[in-house]
Each structure stands twice: as C-alpha cells, then as structure tokens.
file entry-v2.tsv (TSV, C-alpha atoms)
chain	number	residue	atom	x	y	z
A	821	MET	CA	133.35	127.54	-101.64
A	822	ARG	CA	134.90	127.71	-105.08
A	823	GLN	CA	136.93	130.48	-106.63
A	824	ILE	CA	136.23	131.15	-110.32
A	825	ILE	CA	138.95	132.72	-112.48
A	826	LEU	CA	138.35	134.00	-116.00
A	827	ALA	CA	141.62	133.54	-117.92
A	828	SER	CA	140.81	136.23	-120.47
A	829	ALA	CA	141.36	139.97	-120.88
A	830	SER	CA	138.24	140.33	-123.04
A	831	PRO	CA	135.80	142.85	-121.55
A	832	ARG	CA	132.97	141.10	-123.42
A	833	ARG	CA	133.66	137.76	-121.73
A	834	ARG	CA	133.78	139.51	-118.37
A	835	GLU	CA	130.45	141.21	-119.07
A	836	LEU	CA	128.82	137.89	-119.97
A	837	LEU	CA	129.87	136.25	-116.69
A	838	GLU	CA	128.65	139.35	-114.85
A	839	GLN	CA	125.36	139.24	-116.77
A	840	ILE	CA	124.56	135.75	-115.49
A	841	GLY	CA	125.43	136.76	-111.92
A	842	VAL	CA	128.56	134.67	-111.34
A	843	SER	CA	131.21	135.89	-108.87
A	844	PHE	CA	134.68	135.62	-110.38
A	845	GLU	CA	138.07	137.25	-110.76
A	846	VAL	CA	139.94	138.04	-113.95
A	847	CYS	CA	143.48	136.83	-114.54
A	848	PRO	CA	144.35	137.06	-118.25
A	849	ALA	CA	146.73	134.57	-119.85
A	850	LYS	CA	149.73	136.22	-121.51
A	851	GLY	CA	151.59	133.31	-123.10
A	852	ALA	CA	152.21	132.72	-126.79
A	853	GLU	CA	149.40	130.95	-128.59
A	854	ILE	CA	150.65	127.78	-130.26
A	855	ILE	CA	148.42	126.32	-132.96
A	856	THR	CA	149.01	122.72	-134.03
A	857	LYS	CA	145.47	121.96	-135.28
A	858	GLU	CA	143.76	122.81	-138.54
A	859	GLN	CA	140.00	122.62	-137.95
A	860	PRO	CA	138.43	125.70	-136.30
A	861	ASP	CA	136.75	123.72	-133.50
A	862	GLU	CA	140.07	122.01	-132.69
A	863	ILE	CA	142.01	125.28	-132.83
A	864	VAL	CA	139.76	127.12	-130.37
A	865	LYS	CA	139.76	124.19	-127.93
A	866	GLU	CA	143.56	124.05	-128.12
A	867	LEU	CA	143.98	127.78	-127.48
A	868	ALA	CA	141.35	127.86	-124.71
A	869	GLY	CA	143.20	125.00	-123.00
A	870	GLN	CA	146.54	126.80	-123.24
A	871	LYS	CA	145.08	129.93	-121.63
A	872	ALA	CA	143.37	128.03	-118.81
A	873	ARG	CA	146.46	125.91	-118.05
A	874	GLU	CA	148.80	128.91	-118.06
A	875	VAL	CA	146.66	130.79	-115.54
A	876	ALA	CA	145.93	127.74	-113.38
A	877	SER	CA	149.63	126.87	-113.10
A	878	MET	CA	150.53	130.49	-112.38
A	879	ILE	CA	147.98	130.67	-109.54
A	880	THR	CA	148.76	127.29	-108.00
A	881	SER	CA	152.56	127.64	-108.16
A	882	TYR	CA	152.23	131.11	-106.63
A	883	GLY	CA	150.22	129.48	-103.89
A	884	GLN	CA	152.98	126.92	-103.31
A	885	ARG	CA	155.72	129.54	-103.06
A	886	HIS	CA	153.79	131.77	-100.67
A	887	GLU	CA	152.26	129.31	-98.32
A	888	GLU	CA	150.20	131.87	-96.49
A	889	LEU	CA	148.30	132.56	-99.72
A	890	VAL	CA	147.18	128.99	-100.30
A	891	THR	CA	143.48	128.82	-99.56
A	892	PRO	CA	141.37	125.73	-98.98
A	893	GLN	CA	139.14	126.77	-101.89
A	894	ASP	CA	138.55	124.74	-104.98
A	895	LEU	CA	139.54	126.62	-108.09
A	896	MET	CA	137.77	126.84	-111.46
A	897	VAL	CA	139.75	128.45	-114.29
A	898	ILE	CA	137.86	129.29	-117.49
A	899	GLY	CA	139.81	129.83	-120.71
A	900	ALA	CA	138.16	130.69	-124.04
A	901	ASP	CA	139.11	131.49	-127.61
A	902	THR	CA	137.00	132.58	-130.58
A	903	VAL	CA	137.58	132.45	-134.34
A	904	VAL	CA	135.47	133.11	-137.40
A	905	ALA	CA	135.49	130.61	-140.28
A	906	LYS	CA	134.19	130.96	-143.81
A	907	GLU	CA	134.68	128.45	-146.59
A	908	GLY	CA	137.81	126.96	-145.08
A	909	GLU	CA	139.44	130.28	-144.21
A	910	ILE	CA	139.90	131.19	-140.55
A	911	PHE	CA	139.77	134.81	-139.36
A	912	GLY	CA	141.25	135.95	-136.07
A	913	LYS	CA	141.65	139.63	-135.15
A	914	PRO	CA	142.52	141.93	-138.08
A	915	GLU	CA	146.06	143.30	-138.23
A	916	ASP	CA	145.15	146.70	-139.63
A	917	GLU	CA	142.46	148.61	-141.50
A	918	ALA	CA	143.14	146.87	-144.82
A	919	ASP	CA	142.91	143.48	-143.12
A	920	ALA	CA	139.61	144.48	-141.46
A	921	TYR	CA	138.27	145.59	-144.85
A	922	ARG	CA	139.30	142.27	-146.41
A	923	MET	CA	137.56	140.27	-143.66
A	924	LEU	CA	134.33	142.31	-143.70
A	925	ALA	CA	134.14	142.22	-147.52
A	926	SER	CA	134.57	138.46	-147.35
A	927	LEU	CA	131.87	137.97	-144.67
A	928	SER	CA	129.43	140.46	-146.26
A	929	GLY	CA	126.34	139.00	-147.90
A	930	GLY	CA	126.73	135.42	-146.75
A	931	MET	CA	126.90	132.88	-143.95
A	932	HIS	CA	129.93	132.19	-141.78
A	933	GLU	CA	130.60	130.22	-138.63
A	934	VAL	CA	131.81	131.48	-135.28
A	935	TYR	CA	133.58	128.96	-133.03
A	936	THR	CA	134.32	129.53	-129.38
A	937	GLY	CA	136.38	126.96	-127.53
A	938	VAL	CA	136.08	126.70	-123.77
A	939	SER	CA	138.41	124.97	-121.33
A	940	ILE	CA	137.33	124.73	-117.71
A	941	LEU	CA	140.06	123.54	-115.36
A	942	LEU	CA	138.83	122.25	-112.02
A	943	VAL	CA	141.59	122.29	-109.39
A	944	SER	CA	140.57	120.92	-106.02
A	945	ALA	CA	142.14	122.15	-102.80
A	946	SER	CA	143.92	118.79	-102.57
A	947	GLY	CA	145.54	119.36	-105.98
A	948	ARG	CA	143.45	117.03	-108.16
A	949	VAL	CA	142.83	118.53	-111.63
A	950	GLY	CA	139.99	117.87	-114.06
A	951	GLU	CA	139.20	119.51	-117.38
A	952	ILE	CA	136.01	120.13	-119.31
A	953	CYS	CA	136.71	121.19	-122.87
A	954	PHE	CA	134.33	121.83	-125.75
A	955	ALA	CA	133.72	124.05	-128.77
A	956	GLU	CA	130.41	125.65	-129.72
A	957	CYS	CA	129.51	126.76	-133.24
A	958	THR	CA	127.02	129.45	-134.29
A	959	ARG	CA	126.10	130.21	-137.89
A	960	VAL	CA	125.86	133.95	-138.64
A	961	PHE	CA	124.08	135.37	-141.71
A	962	MET	CA	125.42	138.80	-142.63
A	963	ARG	CA	123.61	141.21	-144.89
A	964	ALA	CA	125.51	142.56	-147.91
A	965	MET	CA	127.49	145.64	-146.84
A	966	ASP	CA	128.43	148.14	-149.55
A	967	ASP	CA	131.79	149.90	-149.69
A	968	GLN	CA	130.52	152.95	-147.79
A	969	GLU	CA	129.02	150.78	-145.04
A	970	ILE	CA	132.23	148.79	-144.57
A	971	ARG	CA	134.30	151.99	-144.36
A	972	ARG	CA	131.83	153.59	-141.97
A	973	TYR	CA	131.93	150.52	-139.75
A	974	ILE	CA	135.73	150.38	-139.73
A	975	ALA	CA	135.76	154.09	-138.77
A	976	THR	CA	133.93	153.19	-135.52
A	977	GLY	CA	137.13	151.45	-134.42
A	978	GLU	CA	135.20	148.35	-133.37
A	979	PRO	CA	136.84	145.80	-135.71
A	980	PHE	CA	140.36	145.90	-134.34
A	981	ASP	CA	140.18	143.71	-131.26
A	982	LYS	CA	137.60	141.25	-132.59
A	983	ALA	CA	137.79	137.95	-134.45
A	984	GLY	CA	136.42	138.44	-137.97
A	985	ALA	CA	136.69	142.24	-137.57
A	986	TYR	CA	133.18	142.77	-136.21
A	987	GLY	CA	131.23	142.89	-132.95
A	988	ILE	CA	127.71	141.49	-133.12
A	989	GLN	CA	127.04	143.23	-129.79
A	990	GLY	CA	128.15	146.60	-131.18
A	991	LYS	CA	127.42	148.73	-134.22
A	992	CYS	CA	127.68	145.75	-136.57
A	993	ALA	CA	124.31	144.55	-135.21
A	994	ILE	CA	122.50	146.34	-138.05
A	995	TYR	CA	124.18	144.07	-140.60
A	996	ILE	CA	123.34	140.75	-138.92
A	997	ASP	CA	120.17	139.39	-140.49
A	998	LYS	CA	119.97	136.28	-138.32
A	999	ILE	CA	121.94	133.68	-136.44
A	1000	ASP	CA	121.43	129.97	-135.96
A	1001	GLY	CA	122.85	128.94	-132.60
A	1002	ASP	CA	123.93	130.67	-129.39
A	1003	TYR	CA	124.33	134.47	-129.56
A	1004	ASN	CA	126.71	134.69	-126.61
A	1005	ASN	CA	128.97	132.22	-128.37
A	1006	VAL	CA	129.44	134.87	-131.09
A	1007	VAL	CA	130.08	137.54	-128.46
A	1008	GLY	CA	132.83	135.27	-127.09
A	1009	LEU	CA	131.61	133.08	-124.23
A	1010	PRO	CA	128.82	130.47	-124.53
A	1011	VAL	CA	127.53	130.83	-120.96
A	1012	ALA	CA	124.59	128.47	-121.56
A	1013	ALA	CA	126.95	125.67	-122.63
A	1014	ILE	CA	129.27	126.38	-119.68
A	1015	TYR	CA	126.36	126.13	-117.23
A	1016	ARG	CA	125.04	122.99	-118.97
A	1017	GLU	CA	128.38	121.14	-119.18
A	1018	LEU	CA	129.16	121.85	-115.52
A	1019	LYS	CA	125.68	120.70	-114.48
A	1020	ARG	CA	126.22	117.49	-116.43
A	1021	VAL	CA	129.13	116.60	-114.12
A	1022	GLY	CA	127.22	117.68	-111.00
A	1023	ILE	CA	128.63	121.18	-110.55
A	1024	ASP	CA	126.32	124.14	-109.94
A	1025	LEU	CA	127.98	127.34	-111.23
A	1026	TYR	CA	126.19	129.34	-108.54
A	1027	VAL	CA	127.09	127.29	-105.47
B	1099	MET	CA	118.31	167.00	-140.03
B	1100	ARG	CA	115.84	164.49	-138.64
B	1101	GLN	CA	114.71	164.04	-135.06
B	1102	ILE	CA	114.26	160.42	-133.96
B	1103	ILE	CA	111.85	159.63	-131.12
B	1104	LEU	CA	111.62	156.23	-129.45
B	1105	ALA	CA	108.00	155.81	-128.31
B	1106	SER	CA	108.87	153.26	-125.61
B	1107	ALA	CA	109.81	153.29	-121.94
B	1108	SER	CA	111.80	150.05	-122.28
B	1109	PRO	CA	115.42	150.51	-121.17
B	1110	ARG	CA	116.40	147.58	-123.39
B	1111	ARG	CA	115.06	149.25	-126.54
B	1112	ARG	CA	116.88	152.45	-125.59
B	1113	GLU	CA	120.12	150.51	-125.08
B	1114	LEU	CA	119.81	148.87	-128.51
B	1115	LEU	CA	119.42	152.22	-130.30
B	1116	GLU	CA	122.37	153.54	-128.29
B	1117	GLN	CA	124.39	150.44	-129.17
B	1118	ILE	CA	124.11	151.13	-132.90
B	1119	GLY	CA	125.06	154.78	-132.41
B	1120	VAL	CA	121.79	156.50	-133.30
B	1121	SER	CA	120.93	159.90	-131.76
B	1122	PHE	CA	117.37	159.93	-130.45
B	1123	GLU	CA	115.06	161.03	-127.68
B	1124	VAL	CA	112.68	158.93	-125.62
B	1125	CYS	CA	108.99	159.80	-125.34
B	1126	PRO	CA	107.02	156.78	-124.06
B	1127	ALA	CA	103.44	156.17	-125.16
B	1128	LYS	CA	101.00	156.00	-122.24
B	1129	GLY	CA	97.68	155.16	-123.90
B	1130	ALA	CA	95.60	152.04	-123.47
B	1131	GLU	CA	96.59	149.16	-125.72
B	1132	ILE	CA	93.65	148.01	-127.81
B	1133	ILE	CA	93.98	144.56	-129.38
B	1134	THR	CA	91.63	143.67	-132.24
B	1135	LYS	CA	93.84	141.05	-133.93
B	1136	GLU	CA	94.48	137.40	-133.08
B	1137	GLN	CA	97.76	136.41	-134.73
B	1138	PRO	CA	100.92	137.41	-132.82
B	1139	ASP	CA	102.52	139.18	-135.80
B	1140	GLU	CA	99.32	141.20	-136.34
B	1141	ILE	CA	98.99	142.02	-132.63
B	1142	VAL	CA	102.51	143.42	-132.26
B	1143	LYS	CA	102.18	145.50	-135.44
B	1144	GLU	CA	98.85	146.88	-134.18
B	1145	LEU	CA	100.26	147.81	-130.74
B	1146	ALA	CA	103.48	149.25	-132.19
B	1147	GLY	CA	101.38	151.44	-134.49
B	1148	GLN	CA	99.22	152.67	-131.61
B	1149	LYS	CA	102.29	153.67	-129.60
B	1150	ALA	CA	103.97	155.46	-132.52
B	1151	ARG	CA	100.78	157.32	-133.50
B	1152	GLU	CA	100.03	158.40	-129.92
B	1153	VAL	CA	103.49	159.90	-129.49
B	1154	ALA	CA	103.62	161.45	-132.97
B	1155	SER	CA	100.27	163.17	-132.50
B	1156	MET	CA	101.25	164.34	-129.00
B	1157	ILE	CA	104.44	165.89	-130.34
B	1158	THR	CA	102.95	167.48	-133.43
B	1159	SER	CA	99.85	168.87	-131.68
B	1160	TYR	CA	102.13	170.25	-128.95
B	1161	GLY	CA	104.11	171.89	-131.71
B	1162	GLN	CA	100.93	173.41	-133.14
B	1163	ARG	CA	99.80	174.86	-129.81
B	1164	HIS	CA	103.18	176.35	-128.95
B	1165	GLU	CA	104.26	177.77	-132.25
B	1166	GLU	CA	107.70	178.74	-131.06
B	1167	LEU	CA	108.48	175.06	-130.43
B	1168	VAL	CA	107.72	173.89	-133.96
B	1169	THR	CA	111.01	173.01	-135.59
B	1170	PRO	CA	111.73	172.63	-139.30
B	1171	GLN	CA	113.00	169.11	-138.60
B	1172	ASP	CA	111.56	165.97	-140.05
B	1173	LEU	CA	110.42	163.60	-137.36
B	1174	MET	CA	110.78	159.83	-137.11
B	1175	VAL	CA	108.80	158.12	-134.35
B	1176	ILE	CA	109.58	154.47	-133.61
B	1177	GLY	CA	107.02	152.33	-131.76
B	1178	ALA	CA	107.58	148.67	-130.89
B	1179	ASP	CA	105.82	145.85	-129.09
B	1180	THR	CA	106.99	142.32	-128.24
B	1181	VAL	CA	105.09	139.13	-127.40
B	1182	VAL	CA	106.05	135.50	-126.91
B	1183	ALA	CA	103.98	132.78	-128.59
B	1184	LYS	CA	103.95	129.05	-128.02
B	1185	GLU	CA	101.50	126.60	-129.56
B	1186	GLY	CA	98.79	129.19	-130.10
B	1187	GLU	CA	99.12	130.80	-126.68
B	1188	ILE	CA	100.43	134.38	-126.44
B	1189	PHE	CA	102.43	135.57	-123.44
B	1190	GLY	CA	102.83	139.22	-122.53
B	1191	LYS	CA	104.33	140.39	-119.22
B	1192	PRO	CA	103.49	138.18	-116.22
B	1193	GLU	CA	101.03	139.56	-113.68
B	1194	ASP	CA	102.69	138.06	-110.63
B	1195	GLU	CA	105.05	135.33	-109.43
B	1196	ALA	CA	102.59	132.51	-110.13
B	1197	ASP	CA	102.00	133.80	-113.64
B	1198	ALA	CA	105.77	134.01	-114.23
B	1199	TYR	CA	106.13	130.41	-113.01
B	1200	ARG	CA	103.36	129.27	-115.36
B	1201	MET	CA	104.99	130.97	-118.35
B	1202	LEU	CA	108.51	129.71	-117.64
B	1203	ALA	CA	107.27	126.15	-117.02
B	1204	SER	CA	105.43	126.31	-120.33
B	1205	LEU	CA	108.46	127.63	-122.28
B	1206	SER	CA	110.95	125.29	-120.55
B	1207	GLY	CA	112.35	122.46	-122.65
B	1208	GLY	CA	110.98	123.51	-126.03
B	1209	MET	CA	110.82	126.03	-128.86
B	1210	HIS	CA	108.76	129.21	-128.83
B	1211	GLU	CA	108.51	132.26	-131.04
B	1212	VAL	CA	109.20	135.87	-130.15
B	1213	TYR	CA	107.51	138.52	-132.26
B	1214	THR	CA	108.42	142.19	-132.22
B	1215	GLY	CA	106.29	144.60	-134.21
B	1216	VAL	CA	107.78	147.91	-135.33
B	1217	SER	CA	105.97	150.99	-136.56
B	1218	ILE	CA	108.08	153.85	-137.92
B	1219	LEU	CA	106.13	157.04	-138.51
B	1220	LEU	CA	107.83	159.55	-140.79
B	1221	VAL	CA	106.44	163.05	-140.29
B	1222	SER	CA	107.93	165.66	-142.60
B	1223	ALA	CA	108.27	169.31	-141.55
B	1224	SER	CA	105.48	170.10	-144.03
B	1225	GLY	CA	103.15	167.64	-142.25
B	1226	ARG	CA	103.19	164.72	-144.67
B	1227	VAL	CA	103.08	161.37	-142.81
B	1228	GLY	CA	104.35	157.97	-143.94
B	1229	GLU	CA	104.50	154.68	-142.05
B	1230	ILE	CA	106.74	151.65	-142.25
B	1231	CYS	CA	105.31	148.74	-140.29
B	1232	PHE	CA	106.55	145.17	-139.98
B	1233	ALA	CA	106.90	142.27	-137.56
B	1234	GLU	CA	109.98	140.11	-137.10
B	1235	CYS	CA	109.93	136.57	-135.68
B	1236	THR	CA	112.74	134.72	-133.90
B	1237	ARG	CA	112.55	131.10	-132.80
B	1238	VAL	CA	114.01	130.47	-129.32
B	1239	PHE	CA	115.00	127.01	-128.04
B	1240	MET	CA	114.93	126.88	-124.26
B	1241	ARG	CA	116.62	124.17	-122.23
B	1242	ALA	CA	114.50	122.27	-119.71
B	1243	MET	CA	114.49	124.18	-116.41
B	1244	ASP	CA	113.75	122.22	-113.25
B	1245	ASP	CA	111.61	123.56	-110.42
B	1246	GLN	CA	114.60	124.89	-108.47
B	1247	GLU	CA	115.95	126.67	-111.54
B	1248	ILE	CA	112.61	128.34	-112.32
B	1249	ARG	CA	112.26	129.53	-108.70
B	1250	ARG	CA	115.86	130.75	-108.61
B	1251	TYR	CA	115.30	132.68	-111.84
B	1252	ILE	CA	112.07	134.26	-110.61
B	1253	ALA	CA	113.89	135.31	-107.42
B	1254	THR	CA	116.24	137.47	-109.54
B	1255	GLY	CA	113.23	139.71	-110.22
B	1256	GLU	CA	113.96	139.74	-113.94
B	1257	PRO	CA	110.69	138.16	-115.20
B	1258	PHE	CA	108.27	140.87	-114.15
B	1259	ASP	CA	108.64	143.51	-116.84
B	1260	LYS	CA	109.32	141.13	-119.72
B	1261	ALA	CA	107.13	139.37	-122.28
B	1262	GLY	CA	107.23	135.61	-121.61
B	1263	ALA	CA	108.71	136.26	-118.12
B	1264	TYR	CA	112.35	136.09	-119.17
B	1265	GLY	CA	115.19	138.26	-120.42
B	1266	ILE	CA	117.53	136.62	-122.93
B	1267	GLN	CA	119.98	139.45	-122.26
B	1268	GLY	CA	119.93	138.78	-118.51
B	1269	LYS	CA	120.33	135.80	-116.21
B	1270	CYS	CA	118.05	133.62	-118.35
B	1271	ALA	CA	120.87	133.43	-120.93
B	1272	ILE	CA	122.11	130.19	-119.36
B	1273	TYR	CA	118.85	128.45	-120.30
B	1274	ILE	CA	118.79	129.48	-123.97
B	1275	ASP	CA	120.34	126.70	-126.02
B	1276	LYS	CA	120.04	128.45	-129.37
B	1277	ILE	CA	117.98	130.86	-131.41
B	1278	ASP	CA	117.06	130.91	-135.08
B	1279	GLY	CA	116.64	134.52	-136.20
B	1280	ASP	CA	117.60	137.96	-134.90
B	1281	TYR	CA	118.75	138.14	-131.25
B	1282	ASN	CA	117.90	141.82	-130.81
B	1283	ASN	CA	114.36	141.04	-131.89
B	1284	VAL	CA	114.09	138.86	-128.77
B	1285	VAL	CA	115.58	141.65	-126.63
B	1286	GLY	CA	112.83	143.92	-127.99
B	1287	LEU	CA	113.98	145.93	-131.01
B	1288	PRO	CA	115.15	144.40	-134.32
B	1289	VAL	CA	117.65	147.14	-135.19
B	1290	ALA	CA	118.93	145.27	-138.27
B	1291	ALA	CA	115.42	145.14	-139.76
B	1292	ILE	CA	114.81	148.81	-138.89
B	1293	TYR	CA	118.03	149.84	-140.65
B	1294	ARG	CA	117.24	147.57	-143.63
B	1295	GLU	CA	113.60	148.68	-144.08
B	1296	LEU	CA	114.54	152.36	-143.90
B	1297	LYS	CA	117.36	151.83	-146.40
B	1298	ARG	CA	114.91	150.13	-148.75
B	1299	VAL	CA	112.91	153.39	-148.98
B	1300	GLY	CA	116.06	155.50	-149.33
B	1301	ILE	CA	116.48	156.65	-145.72
B	1302	ASP	CA	119.85	156.38	-143.97
B	1303	LEU	CA	119.30	156.02	-140.21
B	1304	TYR	CA	122.59	157.83	-139.57
B	1305	VAL	CA	122.08	160.92	-141.76
call {"tool": "encode", "arguments": {"input": "entry-v2.tsv", "output": "structure tokens"}}
result
Amino acid sequence: MRQIILASASPRRRELLEQIGVSFEVCPAKGAEIITKEQPDEIVKELAGQKAREVASMITSYGQRHEELVTPQDLMVIGADTVVAKEGEIFGKPEDEADAYRMLASLSGGMHEVYTGVSILLVSASGRVGEICFAECTRVFMRAMDDQEIRRYIATGEPFDKAGAYGIQGKCAIYIDKIDGDYNNVVGLPVAAIYRELKRVGIDLYV
Amino acid sequence: MRQIILASASPRRRELLEQIGVSFEVCPAKGAEIITKEQPDEIVKELAGQKAREVASMITSYGQRHEELVTPQDLMVIGADTVVAKEGEIFGKPEDEADAYRMLASLSGGMHEVYTGVSILLVSASGRVGEICFAECTRVFMRAMDDQEIRRYIATGEPFDKAGAYGIQGKCAIYIDKIDGDYNNVVGLPVAAIYRELKRVGIDLYV
C-alpha cells in the first residue's frame, strides 16, 4: 500500500485528484520559492521540486523522530507549480487589482501558454528515493475582453489566487475561445500526464 | 429582466451555467428526438432546436392558459445536444456495458470530434420569437486504453449517461492527452460560444 501526499494548498489541485478517484492526503509546502531558472518550463519544474522535497523531508524526518509513527508504507509526494507565459513575460498570481487588470489586458485577445511543472517523489519504506519531474504546456486562446468585461471579472474576486489572474474553471470560461493541449494542466494539475508518466515506470496510481 | 430556462436535465450543463454565474431555471424537454439529418453538426443543431422549442411552447402555452402566471419578462430558452463522431460513425449514449466497451475501444488511441449543438430561443413578452442556433466542434485526442483500463473505467458507472461513453470531467480525464477547441463543449455546453453569440446580437447574458 502506498500513501499519496499532495504538497499543495490549492483547492483546484485537490479537486482534480478527487475527480479521478485517487485517495490522498494534503500537506502543503510552506517554504520560500527560490527561482534560479529563466524559461517557464524550467521554473515550474524547479518550484514543483522544491515543494515536493520540502514536504517529503518534513514527513520522513517526523517519522524518524517519532518512531511509532513510521509506517511500512511507500510514500508518493506530488508537488506542482503553474505559471502563465506570453511573449517572454511570465505571470504568477497578481499582487493587487491593478496587477490583475494589467495581466488580463495583456492576455486578452490573443494566445498565451500555461505551464504546470510536476515533481513526484517516490520514497520507499526502506528509504530509497526516486523522482519523476516534467512540465506540461497548454496553449490558451483568449477572446478580446473590453474594459467593462475585465472590471466585471476582477469584481468576482477570482483573479487573486490564480496565475495569470484568471480561472479557466470559473467565470473566465466565457472568454476562453479554445485551448490546444490538456485542460487540467491549465486548472493546475495535469492528471493525465501524471497517470501516464507513473505507468511508464510501472506504477499504477490506483493500486 | 429576462428569465433564462435551461431545457436540459443534464447536471453537467446546469453546473456550467452555474459556474459562469448565470441565474436560470431548469425545465427539461421530454419529447421524442427526431433525427432527419446525417452530419453530426446538423444533428445536434436539430435536436437542440427540438428541445428548446418543446420547452418554450410548454411554458408559453401554460402562461396563456393560466393568465395570472403570465409575466412581463422576456424569456430565453437554451436547448443543447451533444454527440461524439469518429470516422463517420456517430456515438450517442451507450445502451449497455457492451455498447460502452465498443465505443471506448473505438475511441481509444486516436482523435475524435465532439459536437454540441445549441439553440437559444428568445421569446419577448409581446410574443415575438427569435432563434440563435449553432454547433461547436472540439477535437479530442484519447490515449490508448488497454482492456483492463476500459473495464475499470466502465466499472465506475460513468459511461452510461454520456455521449461516447465517457466523461472528460470525470475519471476519464486521465486518458485524455489533449484537446483542440473548447473544453466545456466536450462537457456538454459551450458557454463561451453562448456568451459570444448573444453578445454579437447585442444581448448581455448577465443583464
């Protein structure tokens, strides 16, 4: 039996793992995010790895200190990070309303890319550690939003905890003409790629 | 003030209208579906129109019989129908487990198209009727599912009320490599196109 830990506080990532019927627990990473890379796919892989490693080391060192809590289970820790990129600029979460307006005005009426990086740490009961790390990219084509539409969308409050200041799975759906790639990658967790990459190394997410 | 009626029993269509923050009521069409067309985009437009017209005429004739219930509101009735098409074959909802297996085996490992037709009937308080009708197509690329995976997916019970025997918004998400087009169109209601087509004729879905 394997214990799966989602190293993220994002309710959307939790919902996606629930949607596909995986049993897991949530243990969000809290550490500072340190970016040393420049390309969006490298940045999200770096940050996903930091989150997964922080949570894995917290759980395993806790297990070492309190011996009665060490279980013979294998552990799988999933970290993820998402950014939006357009023409060389990278958007994380907006700082305030003006920042959200700037991001939405920039994304409006064109194509941008959403990158989610995933790090899956596999810690066996004997202590051996493996990592699967990848980034997935989805192209998103956003309809032109006028000033009133941007302000109305910001007033919903949705932009403030989301990379690029919008939620494709929320009220911004009416402005998304089409995507090319995986939808759940834009929401924040590419569950198809996670299932596929684990299967490739012989691990069934459901067993 | 306008009253919006969704002429569909589908919980997924209801959830999509709720997601974008529209106020509406549900009044499912019950009539027989009569198909006279052959192309998938024509079929879904025809069936969406039948549903919207059935519900609109039910509501307005009810209003005529019970005069006290006639309101001065304009009415908007939204009908929708979804089919899956692959290489000339059209898949609706599966009849049983064997039919679901046949559909999933056929879709596995390749690209198919999902068509949703939408009919929006606009009935003014004075009785004037207008219709907006369109079909939206999304290309879906499904990973190869092996026999065990198809059986495991059918055992979730998800296939039986869904065109093509799968739900992209459910446990089948892990088998969808990518899409090209609108995701919500695959779920069953292209809310972006509905908002856009109404805006094109000067109607704001939120006012």
call {"tool": "closest_atom_pairs", "arguments": {"input": "entry-v2.tsv", "of": "chain B", "to": "chain A", "cutoff": "8 Å", "atoms": "only C-alpha atoms", "output": "CSV"}}
result
residue,atom,partner,partner_atom,distance
B:Gln1117,CA,A:Gly990,CA,5.7
B:Ile1118,CA,A:Lys991,CA,4.3
B:Gly1119,CA,A:Lys991,CA,6.7
B:Gln1267,CA,A:Gln839,CA,7.7
B:Gly1268,CA,A:Gln839,CA,5.7
B:Lys1269,CA,A:Ile840,CA,4.3
B:Cys1270,CA,A:Ile840,CA,7.4
B:Ala1271,CA,A:Ala1012,CA,6.2
B:Ile1272,CA,A:Ala1012,CA,3.7
B:Tyr1273,CA,A:Ala1012,CA,5.9
B:Ile1274,CA,A:Ala1012,CA,6.4
B:Asp1275,CA,A:Asp1002,CA,6.3
B:Lys1276,CA,A:Gly1001,CA,4.3
B:Ile1277,CA,A:Gly1001,CA,5.4
B:Asp1278,CA,A:Asp1000,CA,4.6
B:Gly1279,CA,A:Lys998,CA,4.3
B:Asp1280,CA,A:Lys998,CA,4.5
B:Tyr1281,CA,A:Tyr1003,CA,6.9
B:Val1289,CA,A:Ile994,CA,5.7
B:Ala1290,CA,A:Ile994,CA,3.7
B:Ala1291,CA,A:Ile994,CA,7.4
B:Tyr1293,CA,A:Ile994,CA,6.2
B:Arg1294,CA,A:Ile994,CA,7.8
call {"tool": "atom_distance", "arguments": {"input": "entry-v2.tsv", "atom1": "atom CA of B:Ser1155", "atom2": "atom CA of B:Asp1179"}}
result
18.5 Å
call {"tool": "residues_around", "arguments": {"input": "entry-v2.tsv", "residues": "B:Glu1193", "least_positions_apart": "5", "cutoff": "10 Å", "atoms": "all atoms listed in the file", "output": "ChimeraX atom specification"}}
result
/B:1198,1257-1259,1263
call {"tool": "atom_distance", "arguments": {"input": "entry-v2.tsv", "atom1": "atom CA of A:Cys953", "atom2": "atom CA of A:Gly937"}}
result
7.4 Å
call {"tool": "residues_around", "arguments": {"input": "entry-v2.tsv", "residues": "A:Ser828", "least_positions_apart": "6", "cutoff": "8 Å", "atoms": "all atoms listed in the file", "output": "short mmCIF file (atom, residue, chain, number, x, y, z; two decimals) with C-alpha atoms, in the coordinates of the input"}}
result
data_model
loop_
_atom_site.label_atom_id
_atom_site.label_comp_id
_atom_site.auth_asym_id
_atom_site.auth_seq_id
_atom_site.Cartn_x
_atom_site.Cartn_y
_atom_site.Cartn_z
CA VAL A 846 139.94 138.04 -113.95
CA CYS A 847 143.48 136.83 -114.54
CA PRO A 848 144.35 137.06 -118.25
CA ALA A 849 146.73 134.57 -119.85
CA LYS A 871 145.08 129.93 -121.63
CA GLY A 899 139.81 129.83 -120.71
CA ALA A 900 138.16 130.69 -124.04
#
call {"tool": "closest_residue", "arguments": {"input": "entry-v2.tsv", "among": "A:Glu862, A:Pro914, A:Lys850, A:Val904", "to": "A:Met878", "atoms": "all atoms listed in the file"}}
result
A:Lys850
call {"tool": "closest_residue", "arguments": {"input": "entry-v2.tsv", "among": "B:Arg1298, B:Lys1191, B:Lys1184, B:Arg1100", "to": "B:Gly1207", "atoms": "only C-alpha atoms"}}
result
B:Lys1184
call {"tool": "atom_distance", "arguments": {"input": "entry-v2.tsv", "atom1": "atom CA of B:Ser1206", "atom2": "atom CA of B:Met1240"}}
result
5.7 Å
call {"tool": "axis_aligned_box", "arguments": {"input": "entry-v2.tsv", "around": "stretch 1113-1132 of chain B", "padding_each_side": "4 Å", "output": "AutoDock Vina command-line options"}}
result
--center_x 109.4 --center_y 154.5 --center_z -127.8 --size_x 39.4 --size_y 21.0 --size_z 19.1
call {"tool": "residues_around", "arguments": {"input": "entry-v2.tsv", "residues": "A:Val949", "least_positions_apart": "4", "cutoff": "10 Å", "atoms": "all atoms listed in the file", "output": "ChimeraX atom specification"}}
result
/A:876,895-896,941-945
call {"tool": "residues_around", "arguments": {"input": "entry-v2.tsv", "residues": "B:Ile1141", "least_positions_apart": "4", "cutoff": "10 Å", "atoms": "all atoms listed in the file", "output": "ChimeraX atom specification"}}
result
/B:1132-1137,1145-1147,1179-1181,1188,1213-1215,1233
call {"tool": "closest_residue", "arguments": {"input": "entry-v2.tsv", "among": "A:Val934, A:Leu924, A:Ile825, A:Val1021", "to": "A:Tyr973", "atoms": "all atoms listed in the file"}}
result
A:Leu924
call {"tool": "closest_residue", "arguments": {"input": "entry-v2.tsv", "among": "A:Val875, A:Ile824, A:Val864, A:Ala918", "to": "A:Arg971", "atoms": "all atoms listed in the file"}}
result
A:Ala918
call {"tool": "closest_residue", "arguments": {"input": "entry-v2.tsv", "among": "A:Glu978, A:Glu933, A:Glu951, A:Asp894", "to": "A:Gln870", "atoms": "all atoms listed in the file"}}
result
A:Glu951
